[in-house]
Amino acid sequence: MSDASIKSAAKSSGGLDHLIYVLRANPVTMLAFCMFALIILAAVFGPSLVPYDPLATNAANALQAPSLAHWFGTDSVGRDVFSRVIVATRLDLSISVAAVALSFVVGSVLGSVAGYWGGWLDAVLNRVLDTIMAFPLFVLAMGIVAALGNTIENIIYATAIINVPFYARLVRAEVNIRRDSGFARAAKLSGNSDIRVLAMHIFPNALPPMMVQVSLNLGWAILNAAGLSFIGLGVRPPTAEWGIMVAEGANFIVSGEWWLAVFPGLTLMIAVFTFNLLGDGLRDIVDPRQRT
Amino acid sequence: MLSVKDLAVSFQTRRGSVDAVRGISFELEKGEILGIVGESGSGKSVTSYALMRILDVGGTIKSGEAVYSGVDLRRVAEKTMRDIRGREISMIFQNPRAALNPIRKVGHQIEDVLRRHAKATRYTAREKAIEALEAVKIRDAVARYDAYPFELSGGMCQRIVIAIALACDPRLLIADEPTTGLDITTQKAVMDLVSELIRAREMSSILITHDLGLAAQYCDRIMVMKDGGIVEQGDPVELFSNPQHSYTRKLVDATPREGESIRSLLPPEDRKPELPHDVSEDALLDVRNLTKTYRGKSGPVHAVKNISFTVKRGQSVGLVGESGCGKSTTSEMLVRLMDATAGEILFDGVDIAAMPAAAFAKNSRRGDIQMVFQDATDSLNPRHTARHTIAEPLQRLGQMGGSELSTRIEELAGLVGLPATLLDRFPHQLSGGQKARVGIARAIALEPKFLILDEPTAALDVSIQAVVLNLLMDLRAKLGMSYLFVSHDLHVVRLLCDHVVVMKAGEIVEQGPTLQVMSNPQEPYTKELLSAAPKPPARRIVA
């Protein structure tokens, strides 16, 4: 880049300016962030906003088609589907965020160590990850939940375990290519120990590709949790959860009560779609090179 | 043969359209070698890409024409253009390794172009490819036919690229920085070969380079480009000895050559008197029998073999040699990023080689030995602002903080000539010269006694190199540092260093006072290095 273009560029922008710039530059990112904000709102305020108690049954009002009173209709015991879909957001989101956060942290530590020091540690770790990845991941998750016990925490652990290899591999590669870079060596000359060089200088540079992985993973983790609930593992009825609601509603599709499965299914799809769209935007936000 | 009129090229970018080439016109005669010189961003490469119609995405030829043997290269159909590329006009690229397909045998890659232009059939291709390899003077061409690019040295790869370019007997050869990144003796061998082949085949050629010395040595005519326009063109000797345009004058001045001082690289108005620097007699750094041996797949690899030399207080020592000679390994050991296999590094009388490199970060002498890295871009953390980068050693080793820290950072920025307004920028928002200054500011932040400079100007344009070299000289005088200047460029070493150490294959072949070694080299290798360096014609100072 020439001197002239540097001088003509606006002076260095802060984090908020950059966020606004990224959102403006890409309408898809803008849309994704709006949808994400909506999901967060539903998760935080949903339970206090919904018109009906998601667990209150009303046999007289069972299996009603969508109407003004019940936007998404009611289920076989007369619970309001709309309320249940909104309330379920918090649970599904918490499971996926917790699982992704866990695999992010564990994967980052393992991958950084393997990529930076290499040697036997790297070899052992890679074989372990290969072994995990050799299983059909969903079946592995099923096995873990079945073995550890049918609780929400175990769904989180299972989802985290099957995601760890993706993070570890990504971080390992990103750290490995920067291990001998000039800035890492310069950091050592500035008196940083190996661990500090790794944590403060090399690892943050792996964040942009990690962000893409995180957002794709969030969607995937929601699907995974819903999938486990769908087959009866993890979350148990009558708790409102998208996977269970789809599973319960599936029985009624043949008899024409489509709204039971379709609305939670659609919500699930929209949530996953949002996270998939979010990836590029998140990457642009954490990458200082996108700032001009 | 080639006539370019008002050629203009522009690129679409995030900030709108950028003009890379602004309406240039030139002629190329049959059998002529035209040199296009200029600094990065001058549009010299874009011009050649436009002629070949291989511009990057977003680049378009806005106007003008380029007539080659009656064909307008701008308007002709893509199909015809494909026939012209390789058969009529060929190109050699900057990085030979990147220009070759890494997973195909080099012989096959030559066959591809021969068969594409129907110069060979399936049955004769192998034979013709071997002929092409022999034409570029590759020894044992039959065996090399089956080699993959990774098995060959950089110079060999460039010969293969030349063989591919010349396989179909083109009439025009465009060479885009053909020797950048090659060693100086390899550069000479490759350039001699190219110019010999061009003369023998009566081809025309365009040589694009940032090295004025190289252009002067091999071209019949030189064209100087700046900001997408031609500022001056003419005979090389005339252009050098009596440049008309102020930019050419600046460029010629900035090119290091024999018999010049470091200040004369700068434009006349910037030449301040040199500050004296004192060399004392006692040794600051005494390297004794330093050795580094790696365990390779086929036995031990001796990267550095038993070398000894001394750096006195205030002295600048040049460490010269070609790639693979062990100079980088030596500097890594001296700066304590790497452990030596054997030997001593006495720094102020204490053997610092005895302490493991991994623990040296905590040593009280860490701040005394610092380094400026070769690639300024690579040596700056892309996520840290310039301020953050310079603050790092001050915080970690100097235990500085608060207003003291920011005062010191601004002081350092002033010392290296970096405007304080640039301190909050990220590396990608800085130019090459500015990044080099940030790297230097970081290295001198703790006022080290000993500074290793690993080719600090290798990636910079000559005019910026001139400024950085002068800055380094001033800093040496102001702070009384000793330098170890690692370089392959003998002209630069001559300017800055008092003493020079020449390395080859891990050993020191010759060392002594710079003037003595340069003017009267004893060893054949030193002589070879000196004679391979391009010699720009001297500038005649018009009184």
# chains A, B, ... in the order shown; residues from 1 in each chain; ligands from 1
$ closest_atom_pairs --of "chain B" --to "chain A" --cutoff "8 Å" --atoms "only C-alpha atoms" --output "CSV"
residue,atom,partner,partner_atom,distance
B:Gly41,CA,A:Ser2,CA,7.0
B:Val335,CA,A:Leu189,CA,8.0
B:Leu337,CA,A:Arg185,CA,7.4
B:Ala358,CA,A:Asp194,CA,7.4
B:Ala359,CA,A:Ser193,CA,7.7
B:Ala361,CA,A:Gly191,CA,4.4
B:Lys362,CA,A:Gly191,CA,6.2
B:Arg366,CA,A:Gly191,CA,6.7
B:Gly367,CA,A:Ser190,CA,7.4
B:Gln370,CA,A:Leu189,CA,6.5
B:Met371,CA,A:Leu189,CA,7.7
B:Phe373,CA,A:Gly182,CA,6.7
B:Asp375,CA,A:Gly182,CA,7.4
B:Asp378,CA,A:Gly182,CA,5.2
B:Ser379,CA,A:Gly182,CA,3.8
B:Leu380,CA,A:Phe183,CA,4.9
B:Asn381,CA,A:Phe183,CA,5.3
B:Pro382,CA,A:Pro288,CA,7.3
B:Arg383,CA,A:Pro288,CA,5.9
B:Glu392,CA,A:Ser190,CA,6.3
B:Pro393,CA,A:Ser190,CA,4.2
B:Leu394,CA,A:Ser190,CA,7.9
B:Arg396,CA,A:Gly191,CA,5.8
B:Leu397,CA,A:Gly191,CA,5.9
B:Asp424,CA,A:Ser12,CA,6.6
B:Arg425,CA,A:Ser12,CA,5.8
B:Phe426,CA,A:Pro288,CA,7.3
B:His428,CA,A:Arg289,CA,6.3
B:Gln429,CA,A:Ile6,CA,6.3
B:Leu430,CA,A:Ile6,CA,6.8
B:Ser431,CA,A:Asp3,CA,6.0
$ select_by_dssp --residues "stretch 237-473 of chain B" --states "alpha helix (DSSP H)" --output "ChimeraX atom specification"
/B:237-241,246-254,327-334,386-396,402-415,432-444,462-473
